[in-house]
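A short worksheet on the structure shown next.
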Protein chains: 4
Amino acid sequence: MKKQQRTAALVNETSVRVRFSEVDSMRVVWHGEYIRYFEDGREEFGRRFAGIGYADIARSGYLAPVVDAHLQYKSPLRVNDTAIIETRYIDSEAAKICFEYTIRRADDGEVVATGSTMQVFVDSDYELILLQPDFFAAWRKKWIK
Amino acid sequence: MKKQQRTAALVNETSVRVRFSEVDSMRVVWHGEYIRYFEDGREEFGRRFAGIGYADIARSGYLAPVVDAHLQYKSPLRVNDTAIIETRYIDSEAAKICFEYTIRRADDGEVVATGSTMQVFVDSDYELILLQPDFFAAWRKKWIK
Amino acid sequence: MKKQQRTAALVNETSVRVRFSEVDSMRVVWHGEYIRYFEDGREEFGRRFAGIGYADIARSGYLAPVVDAHLQYKSPLRVNDTAIIETRYIDSEAAKICFEYTIRRADDGEVVATGSTMQVFVDSDYELILLQPDFFAAWRKKWIK
Amino acid sequence: MKKQQRTAALVNETSVRVRFSEVDSMRVVWHGEYIRYFEDGREEFGRRFAGIGYADIARSGYLAPVVDAHLQYKSPLRVNDTAIIETRYIDSEAAKICFEYTIRRADDGEVVATGSTMQVFVDSDYELILLQPDFFAAWRKKWIK
């Protein structure tokens, strides 16, 4: 119960302004850019809840490649829109890092996209790590339990 | 039965060579690039089974934005690898265009990623079209039924 | 003399944080990304000295494509570096928009890249406009003269 | 004299098809994409005149970052256009790799962009190498002299 309450707090918000180069010939943000927005959210999450950004993971001797990404598009973003990216950590006992995302248009709060990513741990030879690495267990102990 | 057999034939293969700029600091293709490979596959599909590329749809007065994309990553691609993108059209009676994708490394045939996309039809005001537009019904009649 | 002094003030600074996806396999920002940083600087300049962002130009019925871009790279940027983009408007009587850029690493102030861009005006048929459009003359009158 | 004649032959052509995601809201290829086309041309050049692609240079223990890039835009490319990239090696005695580029629209042969890049050699600590590395001297001996 207590754990779930604290887990519920592992949410971060960051904002990005749509760049001209992200908009396609339909005058809306190209759908592929959202996977970058998710990554922006994840990296900002890793700065706030320090220890699971790409650089932190690399320092620990592991890599954490994304193995699953799911994106749902609800409404278009246009040039000069500001997008608010909500990044929620979804905890599990597995050797995985899971996030859910909600992207809203800053102006009106409308949800423009939702999605999720799952990362696993691999060593420097890209061999899958089946147990949570120590640095990740320590991170969970600090922020979750 | 017959329809399903012909549907089964709506598959196209195209290849892309991994660019230096697509590879990240882990020396593998950045996961966001695969959404571009899916689009490459879809556009090449639209050239072979003429009539449902972005340009064709635009000419018909509609847009067909991607509303759902799902990507599963199995194995990394590296610089100078050639990827074979298999794009399969998944038919339905709804006003949707659905594709499934399998990306293989050309060298060894290993599956490096799979995924799917769903597109809907909107008019020039981005209002959702609930029935299959005539051009799409004609395309299905030509290629599916 | 006076004009030159006021022109000298047409400088804007904005900052961007290097994204993981912008870093190449040499673990430095891929050189192509700097053209995007220049554009970030130019767009932010257009918000501060209102009236010559892409959206403003489009509203006026013109386009202002970049016809020349020059980039000099001095030192690499790495993941999580913050870059300060200085964007300087270089005035002329011609129907052109010229900018110079200096990008510095925020941490130590080192210049990492410099460059310039030149834009011309075209109409909606992409025909070159040889005289300064009214909206641009008005913008110059407001900010330069 | 003889050298210059053989140098003149160090030209390669490759083609790329414009991707939907490369086109901006002006319905033309975004100007930043051309730096990628130059890189496509350079890599294809490196495969034909084997030994100076990114991978070759990395294997030799050096890096060859681009330190100067200049792009001139003449005419827009649009979605589904095919671009022919001509990549010309410009020889010098310095520890530099210089290329010039001409990009033509395949349909009508019109020049859409020209440009140049200069690369220098650095070691793994990003320290500048002032003399031509052995592998590069060997490459020049094979192809130029």
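Please note that chains go A, B, ... in the order of the structure tokens, that every chain numbers its residues from 1, and that ligands are numbered from 1 in the order shown.
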Legend entry - Within 9 Å of Asp40 (chain D) using only C-alpha atoms, minus same-chain residues under 4 positions, as a PyMOL selection string: (chain B and resi 19-20) or (chain D and resi 14-16+35-36+44-45+85)
Only N, CA and C atoms, please: the residues just picked out, written as a compact mmCIF listing (two decimals), in the first residue's frame.
```txt
# COMPACT_ATOMS: atom_id res chain seq x y z
N ARG B 19 22.19 4.25 -42.21
CA ARG B 19 23.04 5.43 -42.37
C ARG B 19 23.83 5.67 -41.08
N PHE B 20 25.00 6.28 -41.23
CA PHE B 20 25.81 6.65 -40.07
C PHE B 20 24.98 7.50 -39.09
N THR D 14 25.45 8.55 -56.46
CA THR D 14 24.50 7.66 -55.80
C THR D 14 23.15 8.36 -55.81
N SER D 15 22.10 7.61 -55.60
CA SER D 15 20.79 8.26 -55.63
C SER D 15 20.03 7.96 -54.35
N VAL D 16 19.21 8.91 -53.95
CA VAL D 16 18.31 8.71 -52.80
C VAL D 16 16.92 9.15 -53.22
N ILE D 35 22.42 17.81 -45.64
CA ILE D 35 23.68 17.45 -45.00
C ILE D 35 23.75 15.92 -44.85
N ARG D 36 22.57 15.32 -44.74
CA ARG D 36 22.48 13.86 -44.70
C ARG D 36 22.72 13.29 -46.11
N GLU D 44 28.88 6.37 -49.79
CA GLU D 44 28.86 5.55 -51.02
C GLU D 44 30.20 5.70 -51.74
N PHE D 45 30.75 6.91 -51.73
CA PHE D 45 32.09 7.15 -52.28
C PHE D 45 33.10 6.24 -51.58
N ILE D 85 23.18 12.24 -56.18
CA ILE D 85 24.23 12.92 -55.43
C ILE D 85 25.58 12.63 -56.08
```
Legend entry - Nearby residues (only C-alpha atoms) at most 10 Å from Ala94 (chain A), same-chain spacing under 4 positions excluded, as a list in words: Cys98, Val120, Leu130, Leu131 and Gln132 of chain A
Output for the residues just chosen: C-alpha atoms as a tab-separated table (two decimals), in the first residue's frame:
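Written output follows (selection_19.tsv):
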```tsv
chain	number	residue	atom	x	y	z
A	98	CYS	CA	8.80	0.48	-17.97
A	120	VAL	CA	15.72	-4.34	-20.76
A	130	LEU	CA	17.92	-11.55	-16.47
A	131	LEU	CA	18.23	-10.16	-12.93
A	132	GLN	CA	18.00	-6.52	-11.95
```
Legend entry - Test item: residues at most 10 Å from region 100-117 of chain D, only C-alpha atoms, excluding those fewer than 2 positions along its chain, as an MDAnalysis selection string: (chainID C and resid 67:72) or (chainID D and resid 11:17 31 34:35 37:39 41:42 66:78 81:90 97:98 119)
Legend entry - strand (DSSP E) per DSSP on the backbone: members of region 3-139 of chain B, as a ChimeraX atom specification: /B:11-17,66-73,82-90,96-105,111-120
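Residues of chain A lying within 9 Å of chain D, counting only C-alpha atoms, are Phe20, Ser21, Glu22, Val23, Asp24, Ser25, Met26, Arg27, Val28, Trp30 and Gly32 of chain A.
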Inset, instruction - Report as a ChimeraX atom specification: the residues of chain D with a DSSP assignment of alpha helix (DSSP H), based on the backbone of this structure. - result: /D:2-8,34-48,54-59,134-143
